[in-house]
$ cat upload-v3.cif   # mmCIF, C-alpha atoms
data_coords
loop_
_atom_site.group_PDB
_atom_site.id
_atom_site.type_symbol
_atom_site.label_atom_id
_atom_site.label_comp_id
_atom_site.auth_asym_id
_atom_site.auth_seq_id
_atom_site.Cartn_x
_atom_site.Cartn_y
_atom_site.Cartn_z
ATOM 1 C CA MET Q 1 -28.754 -20.421 0.449
ATOM 2 C CA ALA Q 2 -28.632 -18.239 -2.667
ATOM 3 C CA SER Q 3 -26.877 -15.396 -0.826
ATOM 4 C CA ARG Q 4 -24.258 -17.791 0.550
ATOM 5 C CA LEU Q 5 -23.696 -19.201 -2.921
ATOM 6 C CA LYS Q 6 -23.215 -15.703 -4.341
ATOM 7 C CA LYS Q 7 -20.796 -14.842 -1.574
ATOM 8 C CA GLY Q 8 -18.852 -18.041 -2.184
ATOM 9 C CA LEU Q 9 -18.592 -17.303 -5.895
ATOM 10 C CA ALA Q 10 -17.417 -13.769 -5.150
ATOM 11 C CA VAL Q 11 -14.704 -14.967 -2.786
ATOM 12 C CA GLU Q 12 -13.473 -17.580 -5.241
ATOM 13 C CA ALA Q 13 -13.405 -15.077 -8.090
ATOM 14 C CA ALA Q 14 -11.486 -12.631 -5.932
ATOM 15 C CA ARG Q 15 -8.879 -15.226 -5.019
ATOM 16 C CA GLN Q 16 -8.297 -16.009 -8.669
ATOM 17 C CA LEU Q 17 -8.174 -12.389 -9.814
ATOM 18 C CA ALA Q 18 -6.022 -10.828 -7.101
ATOM 19 C CA PRO Q 19 -2.703 -12.520 -8.023
ATOM 20 C CA ARG Q 20 -3.275 -11.636 -11.680
ATOM 21 C CA VAL Q 21 -3.787 -7.991 -10.808
ATOM 22 C CA THR Q 22 -0.534 -7.804 -8.879
ATOM 23 C CA GLN Q 23 1.332 -9.700 -11.595
ATOM 24 C CA MET Q 24 0.139 -7.193 -14.182
ATOM 25 C CA ALA Q 25 1.072 -4.273 -11.927
ATOM 26 C CA PRO Q 26 3.983 -5.387 -9.706
ATOM 27 C CA GLY Q 27 4.519 -1.820 -8.511
ATOM 28 C CA LEU Q 28 1.141 -2.070 -6.790
ATOM 29 C CA THR Q 29 2.474 -5.019 -4.809
ATOM 30 C CA GLN Q 30 5.842 -3.572 -3.920
ATOM 31 C CA SER Q 31 4.956 0.056 -3.318
ATOM 32 C CA PHE Q 32 1.452 0.761 -2.089
ATOM 33 C CA VAL Q 33 1.568 -1.552 0.927
ATOM 34 C CA ARG Q 34 4.875 -0.174 2.213
ATOM 35 C CA GLU Q 35 3.803 3.374 1.413
ATOM 36 C CA ALA Q 36 0.567 2.866 3.354
ATOM 37 C CA LEU Q 37 2.530 1.517 6.324
ATOM 38 C CA HIS Q 38 5.009 4.406 6.148
ATOM 39 C CA ARG Q 39 2.206 6.982 6.109
ATOM 40 C CA ALA Q 40 0.333 5.166 8.869
ATOM 41 C CA ILE Q 41 3.370 5.276 11.140
ATOM 42 C CA ASN Q 42 4.542 8.782 10.236
ATOM 43 C CA GLY Q 43 1.182 10.465 9.690
ATOM 44 C CA VAL Q 44 -0.505 11.857 6.589
ATOM 45 C CA GLY Q 45 -2.856 14.781 6.049
ATOM 46 C CA PRO Q 46 -5.143 15.255 9.062
ATOM 47 C CA LEU Q 47 -4.088 11.907 10.550
ATOM 48 C CA PRO Q 48 -1.246 12.212 13.096
ATOM 49 C CA PRO Q 49 1.365 9.438 13.396
ATOM 50 C CA ALA Q 50 0.103 6.135 14.782
ATOM 51 C CA ALA Q 51 2.149 6.354 17.984
ATOM 52 C CA GLN Q 52 1.061 9.937 18.667
ATOM 53 C CA ALA Q 53 -2.608 9.043 18.218
ATOM 54 C CA ALA Q 54 -2.180 5.980 20.431
ATOM 55 C CA GLU Q 55 -0.536 8.060 23.163
ATOM 56 C CA GLU Q 56 -3.479 10.459 23.049
ATOM 57 C CA GLN Q 57 -5.840 7.539 23.619
ATOM 58 C CA LEU Q 58 -3.640 6.367 26.485
ATOM 59 C CA ARG Q 59 -3.883 9.794 28.140
ATOM 60 C CA GLU Q 60 -7.649 9.823 27.695
ATOM 61 C CA GLN Q 61 -7.826 6.397 29.372
ATOM 62 C CA HIS Q 62 -5.614 7.562 32.257
ATOM 63 C CA GLY Q 63 -2.774 5.201 31.403
ATOM 64 C CA ASN Q 64 -4.898 2.071 31.006
ATOM 65 C CA VAL Q 65 -3.292 0.350 27.998
ATOM 66 C CA ASP Q 66 -6.062 -2.180 27.393
ATOM 67 C CA LYS Q 67 -8.721 0.527 27.307
ATOM 68 C CA ALA Q 68 -6.541 2.617 24.998
ATOM 69 C CA VAL Q 69 -6.189 -0.368 22.645
ATOM 70 C CA ARG Q 70 -9.964 -0.743 22.543
ATOM 71 C CA GLU Q 71 -10.331 2.957 21.708
ATOM 72 C CA VAL Q 72 -7.773 2.662 18.908
ATOM 73 C CA ILE Q 73 -9.734 -0.256 17.448
ATOM 74 C CA GLU Q 74 -13.101 1.509 17.711
ATOM 75 C CA ASN Q 75 -11.775 4.680 16.088
ATOM 76 C CA HIS Q 76 -10.296 2.833 13.123
ATOM 77 C CA VAL Q 77 -13.388 0.686 12.647
ATOM 78 C CA LEU Q 78 -15.264 3.956 12.253
ATOM 79 C CA TYR Q 79 -12.674 5.282 9.780
ATOM 80 C CA ALA Q 80 -12.861 2.074 7.762
ATOM 81 C CA GLY Q 81 -16.645 2.085 7.697
ATOM 82 C CA VAL Q 82 -16.828 5.652 6.437
ATOM 83 C CA GLY Q 83 -14.115 4.994 3.861
ATOM 84 C CA GLY Q 84 -15.751 1.777 2.731
ATOM 85 C CA PHE Q 85 -19.056 3.536 2.164
ATOM 86 C CA ALA Q 86 -17.552 6.478 0.294
ATOM 87 C CA THR Q 87 -15.411 4.367 -2.037
ATOM 88 C CA ASN Q 88 -18.026 1.732 -2.860
ATOM 89 C CA LEU Q 89 -20.833 3.887 -4.198
ATOM 90 C CA GLY Q 90 -21.531 2.948 -7.777
ATOM 91 C CA GLY Q 91 -20.664 -0.754 -7.761
ATOM 92 C CA LEU Q 92 -18.488 -2.047 -10.575
ATOM 93 C CA LEU Q 93 -19.307 0.893 -12.839
ATOM 94 C CA THR Q 94 -16.838 3.068 -10.925
ATOM 95 C CA ALA Q 95 -14.473 0.300 -9.850
ATOM 96 C CA ALA Q 96 -11.619 1.450 -12.083
ATOM 97 C CA VAL Q 97 -11.612 4.811 -10.300
ATOM 98 C CA VAL Q 98 -12.389 4.033 -6.682
ATOM 99 C CA ALA Q 99 -11.101 0.477 -6.146
ATOM 100 C CA PRO Q 100 -7.449 1.575 -5.912
ATOM 101 C CA ALA Q 101 -8.498 4.255 -3.414
ATOM 102 C CA ASN Q 102 -10.407 1.668 -1.384
ATOM 103 C CA ILE Q 103 -7.432 -0.719 -1.351
ATOM 104 C CA ALA Q 104 -4.901 1.951 -0.421
ATOM 105 C CA GLY Q 105 -7.229 3.536 2.133
ATOM 106 C CA LEU Q 106 -7.934 0.217 3.824
ATOM 107 C CA ALA Q 107 -4.213 -0.585 3.943
ATOM 108 C CA LEU Q 108 -3.522 2.804 5.551
ATOM 109 C CA ILE Q 109 -6.305 2.569 8.138
ATOM 110 C CA GLN Q 110 -5.573 -1.001 9.175
ATOM 111 C CA SER Q 111 -1.804 -0.416 9.237
ATOM 112 C CA ARG Q 112 -2.319 2.629 11.448
ATOM 113 C CA MET Q 113 -4.580 0.720 13.811
ATOM 114 C CA VAL Q 114 -2.212 -2.232 14.235
ATOM 115 C CA ALA Q 115 0.789 0.101 14.533
ATOM 116 C CA GLY Q 116 -1.001 2.020 17.294
ATOM 117 C CA ILE Q 117 -1.719 -1.201 19.159
ATOM 118 C CA ALA Q 118 1.876 -2.355 18.714
ATOM 119 C CA HIS Q 119 3.154 0.955 20.103
ATOM 120 C CA LEU Q 120 0.882 0.729 23.141
ATOM 121 C CA ARG Q 121 2.117 -2.791 23.780
ATOM 122 C CA GLY Q 122 5.756 -1.675 23.791
ATOM 123 C CA TYR Q 123 6.977 -2.463 20.254
ATOM 124 C CA ASP Q 124 9.364 -0.187 18.353
ATOM 125 C CA LEU Q 125 7.637 0.955 15.159
ATOM 126 C CA ASP Q 126 11.006 1.747 13.543
ATOM 127 C CA ASP Q 127 12.070 -1.900 13.835
ATOM 128 C CA PRO Q 128 11.689 -3.676 10.450
ATOM 129 C CA ARG Q 129 10.697 -6.870 12.267
ATOM 130 C CA VAL Q 130 7.799 -5.036 13.895
ATOM 131 C CA ARG Q 131 6.783 -3.492 10.575
ATOM 132 C CA ASN Q 132 6.599 -6.925 8.977
ATOM 133 C CA ALA Q 133 4.582 -8.163 11.956
ATOM 134 C CA ILE Q 134 2.129 -5.284 11.459
ATOM 135 C CA LEU Q 135 1.627 -6.236 7.815
ATOM 136 C CA GLU Q 136 1.224 -9.889 8.715
ATOM 137 C CA THR Q 137 -1.407 -9.064 11.332
ATOM 138 C CA ILE Q 138 -3.502 -7.311 8.686
ATOM 139 C CA LEU Q 139 -3.769 -10.618 6.831
ATOM 140 C CA GLY Q 140 -6.035 -11.816 9.628
ATOM 141 C CA GLU Q 141 -5.742 -14.754 11.982
ATOM 142 C CA ASP Q 142 -7.226 -17.413 9.681
ATOM 143 C CA THR Q 143 -4.976 -16.508 6.768
ATOM 144 C CA VAL Q 144 -1.883 -16.338 8.985
ATOM 145 C CA GLN Q 145 -2.578 -19.729 10.544
ATOM 146 C CA ARG Q 146 -3.136 -21.301 7.139
ATOM 147 C CA MET Q 147 0.032 -19.826 5.654
ATOM 148 C CA VAL Q 148 2.192 -20.704 8.670
ATOM 149 C CA LYS Q 149 0.890 -24.268 8.536
ATOM 150 C CA LYS Q 150 1.856 -24.463 4.838
ATOM 151 C CA ALA Q 151 5.268 -22.888 5.601
ATOM 152 C CA GLN Q 152 4.386 -19.893 3.410
ATOM 153 C CA LEU Q 153 5.072 -17.632 6.392
ATOM 154 C CA PRO Q 154 7.725 -18.381 9.014
ATOM 155 C CA ALA Q 155 5.708 -17.661 12.167
ATOM 156 C CA PRO Q 156 2.788 -15.664 13.625
ATOM 157 C CA PRO Q 157 3.157 -11.867 13.987
ATOM 158 C CA MET Q 158 4.485 -11.738 17.547
ATOM 159 C CA ALA Q 159 7.217 -14.244 16.752
ATOM 160 C CA VAL Q 160 8.139 -12.207 13.684
ATOM 161 C CA ALA Q 161 8.231 -8.992 15.739
ATOM 162 C CA THR Q 162 10.494 -10.547 18.367
ATOM 163 C CA ALA Q 163 12.703 -12.682 16.101
ATOM 164 C CA PRO Q 164 16.431 -12.664 16.951
ATOM 165 C CA GLN Q 165 17.165 -10.740 13.753
ATOM 166 C CA HIS Q 166 15.416 -9.186 10.782
ATOM 167 C CA ASP Q 167 14.958 -11.382 7.711
ATOM 168 C CA PRO Q 168 15.146 -9.079 4.631
ATOM 169 C CA THR Q 169 13.607 -11.762 2.406
ATOM 170 C CA LEU Q 170 10.417 -11.479 4.429
ATOM 171 C CA ASP Q 171 9.882 -7.851 3.367
ATOM 172 C CA GLN Q 172 8.763 -8.592 -0.180
ATOM 173 C CA THR Q 173 6.854 -11.703 0.885
ATOM 174 C CA MET Q 174 4.738 -9.633 3.263
ATOM 175 C CA THR Q 175 4.027 -6.864 0.772
ATOM 176 C CA THR Q 176 3.094 -9.306 -1.981
ATOM 177 C CA VAL Q 177 0.862 -11.487 0.185
ATOM 178 C CA LEU Q 178 -0.899 -8.524 1.784
ATOM 179 C CA ALA Q 179 -1.423 -6.781 -1.560
ATOM 180 C CA ASN Q 180 -3.064 -9.929 -2.923
ATOM 181 C CA GLU Q 181 -5.232 -10.210 0.177
ATOM 182 C CA LEU Q 182 -6.426 -6.590 0.128
ATOM 183 C CA ILE Q 183 -7.103 -6.621 -3.603
ATOM 184 C CA GLY Q 184 -8.989 -9.895 -3.216
ATOM 185 C CA ARG Q 185 -11.157 -8.452 -0.455
ATOM 186 C CA VAL Q 186 -12.093 -5.403 -2.516
ATOM 187 C CA ILE Q 187 -12.753 -7.378 -5.698
ATOM 188 C CA GLY Q 188 -14.857 -9.907 -3.796
ATOM 189 C CA LYS Q 189 -16.852 -7.155 -2.124
ATOM 190 C CA ARG Q 190 -17.612 -5.513 -5.458
ATOM 191 C CA ILE Q 191 -18.645 -8.778 -7.117
ATOM 192 C CA ALA Q 192 -20.886 -9.628 -4.154
ATOM 193 C CA THR Q 193 -22.495 -6.207 -4.388
ATOM 194 C CA THR Q 194 -23.295 -6.351 -8.090
ATOM 195 C CA VAL Q 195 -24.346 -10.006 -8.335
ATOM 196 C CA GLY Q 196 -27.454 -9.278 -6.284
ATOM 197 C CA LYS Q 197 -28.633 -5.711 -6.899
ATOM 198 C CA ARG Q 198 -27.134 -3.083 -9.159
ATOM 199 C CA VAL Q 199 -28.129 -0.193 -6.915
ATOM 200 C CA PRO Q 200 -25.328 2.264 -6.068
ATOM 201 C CA VAL Q 201 -26.252 2.824 -2.430
ATOM 202 C CA VAL Q 202 -26.230 -0.942 -1.851
ATOM 203 C CA GLY Q 203 -22.585 -0.948 -2.850
ATOM 204 C CA GLY Q 204 -21.889 1.718 -0.264
ATOM 205 C CA ALA Q 205 -23.691 -0.224 2.462
ATOM 206 C CA VAL Q 206 -21.810 -3.415 1.642
ATOM 207 C CA GLY Q 207 -18.530 -1.501 1.606
ATOM 208 C CA LEU Q 208 -19.238 0.072 4.994
ATOM 209 C CA GLY Q 209 -20.099 -3.239 6.595
ATOM 210 C CA ALA Q 210 -17.294 -5.260 5.029
ATOM 211 C CA ASP Q 211 -14.506 -2.781 5.732
ATOM 212 C CA ALA Q 212 -15.654 -2.056 9.288
ATOM 213 C CA TRP Q 213 -16.071 -5.760 10.088
ATOM 214 C CA SER Q 214 -12.688 -6.770 8.674
ATOM 215 C CA THR Q 215 -11.005 -3.901 10.524
ATOM 216 C CA TRP Q 216 -12.642 -4.904 13.808
ATOM 217 C CA ARG Q 217 -11.517 -8.527 13.382
ATOM 218 C CA ILE Q 218 -7.957 -7.459 12.608
ATOM 219 C CA GLY Q 219 -7.951 -5.146 15.612
ATOM 220 C CA ARG Q 220 -9.078 -7.941 17.904
ATOM 221 C CA TYR Q 221 -6.432 -10.230 16.417
ATOM 222 C CA ALA Q 222 -3.737 -7.610 17.025
ATOM 223 C CA ASP Q 223 -5.024 -7.183 20.593
ATOM 224 C CA ARG Q 224 -4.607 -10.915 21.243
ATOM 225 C CA GLU Q 225 -1.443 -11.501 19.247
ATOM 226 C CA LEU Q 226 0.786 -8.559 20.169
ATOM 227 C CA ARG Q 227 1.381 -9.280 23.810
ATOM 228 C CA PRO Q 228 2.832 -6.577 26.087
ATOM 229 C CA ARG Q 229 6.531 -5.804 26.159
ATOM 230 C CA ALA Q 230 8.392 -3.322 28.356
ATOM 231 C CA ARG Q 231 7.476 0.147 27.049
ATOM 232 C CA ARG Q 232 10.392 2.498 26.378
#
$ encode --input "upload-v3.cif" --output "structure tokens"
Amino acid sequence: MASRLKKGLAVEAARQLAPRVTQMAPGLTQSFVREALHRAINGVGPLPPAAQAAEEQLREQHGNVDKAVREVIENHVLYAGVGGFATNLGGLLTAAVVAPANIAGLALIQSRMVAGIAHLRGYDLDDPRVRNAILETILGEDTVQRMVKKAQLPAPPMAVATAPQHDPTLDQTMTTVLANELIGRVIGKRIATTVGKRVPVVGGAVGLGADAWSTWRIGRYADRELRPRARR
């Protein structure tokens, strides 16, 4: 009961703090999400472009798209877990330094995963409608359903990806909403870690579990939501 109460308080605090963070630093909202998506699609450092990595998985699975999708998800869950552990050591004491890295890293990993799945399912990653659908998918199924029901988003990701035309007004909506969501997740994770035990390695363990779990759920959502189209 106590652990659930602490988790509930952490989530509520995160929801209240996230919009304030992005209001104080609007560049964080408008730039880091799109930059993460751009790097995910085009590649950065040792990570090749999302489509190239997805094609490699497809070759390894002898052309079986569903198996390749599962491999893409498993690989990125591993990336997220390692990143979550590395950037959450130290709890709130190091939050000012590592929280931005955690947020940006999670955005990059999850964008790359969903982009890889979208590519395997036949979507054009250069299409702005598809890019908005990728960002929307990262919000997670529960958040998307809630926001669509409240008319805060026009439709689920697949409908956005296959809309008759691109809606430019949706670009900023997606970046703002996703920035708030990612910041809220990281803030909530850090509060949950430090409310119970102020032991650095505990923060790392919580980060590993939370980031890996959220990435797995988003991957499964993308798998269900982005239905196959004719591959070019």
$ atom_distance --input "upload-v3.cif" --atom1 "CA of Arg112 in chain Q" --atom2 "CA of Val65 in chain Q"
16.7 Å
$ atom_distance --input "upload-v3.cif" --atom1 "CA of Leu135 in chain Q" --atom2 "CA of Ala36 in chain Q"
10.2 Å
$ resolve_selection --input "upload-v3.cif" --expression "the PyMOL selection byres ((chain Q and resi 169-173) around 10)" --output "VMD selection string"
chain Q and resid 29 to 31 34 128 to 129 131 to 132 135 to 136 152 to 154 160 166 to 168 174 to 179
$ atom_distance --input "upload-v3.cif" --atom1 "CA of Lys67 in chain Q" --atom2 "CA of Val33 in chain Q"
28.4 Å
$ axis_aligned_box --input "upload-v3.cif" --around "range 118-125 of chain Q" --padding-each-side "8 Å" --output "AutoDock Vina command-line options"
--center_x 5.1 --center_y -0.9 --center_z 19.5 --size_x 24.5 --size_y 19.7 --size_z 24.6
$ resolve_selection --input "upload-v3.cif" --expression "the PyMOL selection byres ((chain Q and resi 139-147) around 7)" --output "PyMOL selection string"
chain Q and resi 136-138+148-153+156+178+181+218+221
$ closest_residue --input "upload-v3.cif" --among "Q:Ala40, Q:Ala118, Q:Leu182, Q:Leu125" --to "Glu225 in chain Q" --atoms "only C-alpha atoms"
Q:Ala118
$ resolve_selection --input "upload-v3.cif" --expression "the PyMOL selection byres ((chain Q and resi 220) around 10)" --output "VMD selection string"
chain Q and resid 69 to 70 73 114 140 to 141 214 to 219 221 to 225
$ residues_around --input "upload-v3.cif" --residues "Ala53 in chain Q" --least-positions-apart "2" --cutoff "12 Å" --atoms "all atoms listed in the file" --output "PyMOL selection string"
chain Q and resi 40-43+46-51+55-60+68-69+71-73+75-76+112-117+119-120
$ closest_residue --input "upload-v3.cif" --among "Q:Asp66, Q:Leu108, Q:Pro164, Q:Ala155" --to "Phe32 in chain Q" --atoms "only C-alpha atoms"
Q:Leu108
